[in-house]
>>> print(open('protein-v4.pdb').read())   # PDB, C-alpha atoms, pLDDT in the B column
ATOM      1  CA  MET A 138       0.000   0.000   0.000  1.00 50.00           C
ATOM      2  CA  LYS A 139       2.831   2.395   0.840  1.00 50.00           C
ATOM      3  CA  HIS A 140       4.390   1.736  -2.562  1.00 47.00           C
ATOM      4  CA  LEU A 141       1.144   2.526  -4.351  1.00 42.00           C
ATOM      5  CA  ALA A 142       0.738   5.835  -2.502  1.00 44.00           C
ATOM      6  CA  LEU A 143       4.367   6.741  -3.149  1.00 40.00           C
ATOM      7  CA  ALA A 144       4.020   5.913  -6.850  1.00 44.00           C
ATOM      8  CA  ALA A 145       0.904   8.104  -7.110  1.00 45.00           C
ATOM      9  CA  LEU A 146       2.681  10.972  -5.356  1.00 43.00           C
ATOM     10  CA  ILE A 147       5.716  10.721  -7.630  1.00 45.00           C
ATOM     11  CA  GLY A 148       3.493  10.508 -10.711  1.00 47.00           C
ATOM     12  CA  ALA A 149       1.629  13.663  -9.694  1.00 45.00           C
ATOM     13  CA  ALA A 150       4.869  15.534  -8.993  1.00 44.00           C
ATOM     14  CA  VAL A 151       6.380  14.512 -12.317  1.00 42.00           C
ATOM     15  CA  SER A 152       3.302  15.341 -14.396  1.00 40.00           C
ATOM     16  CA  PHE A 153       2.698  18.783 -12.850  1.00 38.00           C
ATOM     17  CA  PRO A 154       5.698  20.604 -14.387  1.00 41.00           C
ATOM     18  CA  VAL A 155       4.880  19.166 -17.795  1.00 36.00           C
ATOM     19  CA  ALA A 156       1.376  20.655 -17.647  1.00 40.00           C
ATOM     20  CA  ALA A 157       2.737  23.990 -16.439  1.00 47.00           C
ATOM     21  CA  LEU A 158       5.136  24.153 -19.384  1.00 49.00           C
ATOM     22  CA  ALA A 159       2.547  23.384 -22.057  1.00 64.00           C
ATOM     23  CA  LYS A 160       2.854  25.741 -25.010  1.00 79.00           C
ATOM     24  CA  ALA A 161       0.120  28.016 -26.250  1.00 89.00           C
ATOM     25  CA  ASP A 162      -1.784  27.149 -29.399  1.00 91.00           C
ATOM     26  CA  CYS A 163      -1.559  30.230 -31.605  1.00 95.00           C
ATOM     27  CA  LYS A 164      -3.195  30.384 -35.026  1.00 96.00           C
ATOM     28  CA  ALA A 165      -0.730  29.914 -37.874  1.00 97.00           C
ATOM     29  CA  TYR A 166      -0.423  32.883 -40.219  1.00 96.00           C
ATOM     30  CA  PRO A 167       2.097  33.452 -43.004  1.00 97.00           C
ATOM     31  CA  LYS A 168       5.116  35.295 -41.541  1.00 96.00           C
ATOM     32  CA  ALA A 169       4.368  38.253 -43.818  1.00 97.00           C
ATOM     33  CA  GLU A 170       1.140  38.815 -41.840  1.00 98.00           C
ATOM     34  CA  TRP A 171       2.826  38.818 -38.423  1.00 98.00           C
ATOM     35  CA  MET A 172       3.166  42.088 -36.565  1.00 98.00           C
ATOM     36  CA  LYS A 173       6.788  43.264 -36.712  1.00 98.00           C
ATOM     37  CA  GLU A 174       8.672  42.322 -33.551  1.00 97.00           C
ATOM     38  CA  ALA A 175       9.626  45.934 -32.790  1.00 98.00           C
ATOM     39  CA  ASP A 176       5.986  47.031 -33.126  1.00 98.00           C
ATOM     40  CA  ALA A 177       4.824  44.127 -30.956  1.00 98.00           C
ATOM     41  CA  LYS A 178       7.343  44.986 -28.230  1.00 98.00           C
ATOM     42  CA  ALA A 179       6.319  48.656 -28.294  1.00 98.00           C
ATOM     43  CA  LYS A 180       2.610  47.795 -28.086  1.00 97.00           C
ATOM     44  CA  ILE A 181       3.156  45.340 -25.209  1.00 97.00           C
ATOM     45  CA  GLU A 182       5.245  47.879 -23.290  1.00 98.00           C
ATOM     46  CA  ALA A 183       2.574  50.543 -23.918  1.00 97.00           C
ATOM     47  CA  GLN A 184       0.142  48.230 -22.061  1.00 96.00           C
ATOM     48  CA  GLY A 185       2.369  48.541 -18.969  1.00 96.00           C
ATOM     49  CA  TYR A 186       4.510  45.424 -19.273  1.00 97.00           C
ATOM     50  CA  THR A 187       8.258  45.348 -18.765  1.00 98.00           C
ATOM     51  CA  ILE A 188       9.835  42.839 -21.139  1.00 98.00           C
ATOM     52  CA  ASN A 189      12.847  40.885 -19.892  1.00 98.00           C
ATOM     53  CA  LYS A 190      12.765  38.339 -22.716  1.00 98.00           C
ATOM     54  CA  PHE A 191      10.885  38.410 -26.014  1.00 98.00           C
ATOM     55  CA  LYS A 192      10.908  35.423 -28.346  1.00 97.00           C
ATOM     56  CA  VAL A 193       9.054  33.557 -31.052  1.00 97.00           C
ATOM     57  CA  ASP A 194       7.626  30.279 -29.801  1.00 96.00           C
ATOM     58  CA  GLY A 195       5.969  28.320 -32.586  1.00 95.00           C
ATOM     59  CA  ASN A 196       3.317  30.658 -34.037  1.00 96.00           C
ATOM     60  CA  CYS A 197       3.300  32.930 -30.971  1.00 97.00           C
ATOM     61  CA  TYR A 198       5.230  35.828 -29.606  1.00 97.00           C
ATOM     62  CA  GLU A 199       6.153  35.068 -26.008  1.00 97.00           C
ATOM     63  CA  ILE A 200       7.353  37.415 -23.299  1.00 98.00           C
ATOM     64  CA  TYR A 201       8.815  36.968 -19.858  1.00 98.00           C
ATOM     65  CA  GLY A 202       8.677  40.098 -17.766  1.00 98.00           C
ATOM     66  CA  LYS A 203       6.543  42.025 -15.301  1.00 98.00           C
ATOM     67  CA  ASN A 204       3.073  43.564 -15.386  1.00 97.00           C
ATOM     68  CA  LYS A 205       2.011  47.003 -14.099  1.00 95.00           C
ATOM     69  CA  GLU A 206       1.830  45.637 -10.553  1.00 95.00           C
ATOM     70  CA  GLY A 207       5.417  44.355 -10.749  1.00 96.00           C
ATOM     71  CA  LYS A 208       4.394  40.681 -10.787  1.00 97.00           C
ATOM     72  CA  LYS A 209       6.303  38.253 -12.989  1.00 98.00           C
ATOM     73  CA  VAL A 210       4.424  37.204 -16.119  1.00 97.00           C
ATOM     74  CA  GLU A 211       4.812  34.778 -18.980  1.00 97.00           C
ATOM     75  CA  ILE A 212       2.448  35.626 -21.823  1.00 97.00           C
ATOM     76  CA  TYR A 213       1.920  34.184 -25.294  1.00 98.00           C
ATOM     77  CA  PHE A 214       0.506  36.565 -27.898  1.00 97.00           C
ATOM     78  CA  ASP A 215      -1.049  35.939 -31.308  1.00 98.00           C
ATOM     79  CA  ALA A 216       1.698  37.054 -33.706  1.00 98.00           C
ATOM     80  CA  LYS A 217      -0.727  38.842 -36.056  1.00 97.00           C
ATOM     81  CA  THR A 218      -3.301  40.440 -33.748  1.00 97.00           C
ATOM     82  CA  LEU A 219      -1.230  40.541 -30.537  1.00 97.00           C
ATOM     83  CA  ASP A 220      -4.216  39.181 -28.604  1.00 96.00           C
ATOM     84  CA  PRO A 221      -3.099  37.297 -25.472  1.00 96.00           C
ATOM     85  CA  VAL A 222      -3.479  33.551 -26.021  1.00 96.00           C
ATOM     86  CA  LYS A 223      -2.149  32.200 -22.735  1.00 96.00           C
ATOM     87  CA  SER A 224      -0.672  33.796 -19.636  1.00 95.00           C
ATOM     88  CA  GLU A 225       0.753  32.921 -16.271  1.00 96.00           C
ATOM     89  CA  VAL A 226       1.025  35.585 -13.569  1.00 95.00           C
ATOM     90  CA  GLU A 227       2.952  35.307 -10.320  1.00 92.00           C
ATOM     91  CA  LYS A 228       0.630  35.155  -7.331  1.00 87.00           C
TER      92      LYS A 228
END
>>> encode(input="protein-v4.pdb", output="structure tokens")
Amino acid sequence: MKHLALAALIGAAVSFPVAALAKADCKAYPKAEWMKEADAKAKIEAQGYTINKFKVDGNCYEIYGKNKEGKKVEIYFDAKTLDPVKSEVEK
């Protein structure tokens, strides 16, 4: 019985980080339709975010930084419309 409980606990611990690291599912557009990176950065910063890292992840723009309240954020944006697709905010 102890082994079964331990196995369940280890399985839950191992599967949690995988779920937390799941990528966003952004719509695929031709690269010519994507917002220019410089324009995207400027628009995101104008919304009050501080960008520490900006990158392309699949069909998304992704940032690591801070929001207006100074909390750490990881946000995926649609590369054409810059609509947020997925975000994680520090609690």
>>> resolve_selection(input="protein-v4.pdb", expression="the PyMOL selection byres ((chain A and resi 228) around 9)", output="number ranges by chain")
A: 208-209, 226-227
>>> closest_residue(input="protein-v4.pdb", among="A:Thr218, A:Lys180, A:Tyr213, A:Lys160", to="Cys197 of chain A", atoms="all atoms listed in the file")
A:Tyr213
>>> atom_distance(input="protein-v4.pdb", atom1="atom CA of Asn204 of chain A", atom2="atom CA of Trp171 of chain A")
23.5 Å
>>> axis_aligned_box(input="protein-v4.pdb", around="segment 187-190 of chain A", padding_each_side="5 Å", output="AutoDock Vina command-line options")
--center_x 10.6 --center_y 41.8 --center_z -20.7 --size_x 14.6 --size_y 17.0 --size_z 14.0
>>> closest_residue(input="protein-v4.pdb", among="A:Ala179, A:Pro167, A:Tyr186, A:Glu174", to="Glu206 of chain A", atoms="all atoms listed in the file")
A:Tyr186
>>> residues_near_point(input="protein-v4.pdb", point="(2.3, 37.9, -30.6)", cutoff="6 Å", atoms="all atoms listed in the file", output="short mmCIF file (atom, residue, chain, number, x, y, z; two decimals) with C-alpha atoms, in the coordinates of the input")
data_model
loop_
_atom_site.label_atom_id
_atom_site.label_comp_id
_atom_site.auth_asym_id
_atom_site.auth_seq_id
_atom_site.Cartn_x
_atom_site.Cartn_y
_atom_site.Cartn_z
CA CYS A 197 3.30 32.93 -30.97
CA TYR A 198 5.23 35.83 -29.61
CA PHE A 214 0.51 36.56 -27.90
CA ASP A 215 -1.05 35.94 -31.31
CA ALA A 216 1.70 37.05 -33.71
CA LEU A 219 -1.23 40.54 -30.54
#
>>> atom_distance(input="protein-v4.pdb", atom1="atom CA of Cys163 of chain A", atom2="atom CA of Gly185 of chain A")
22.6 Å
>>> closest_residue(input="protein-v4.pdb", among="A:Lys223, A:Lys205, A:Lys217, A:Lys164", to="Asp176 of chain A", atoms="all atoms listed in the file")
A:Lys217
>>> atom_distance(input="protein-v4.pdb", atom1="atom CA of Tyr201 of chain A", atom2="atom CA of Ile188 of chain A")
6.1 Å
>>> closest_residue(input="protein-v4.pdb", among="A:Phe191, A:Gly202, A:Val222, A:Asn196", to="Ala177 of chain A", atoms="all atoms listed in the file")
A:Phe191
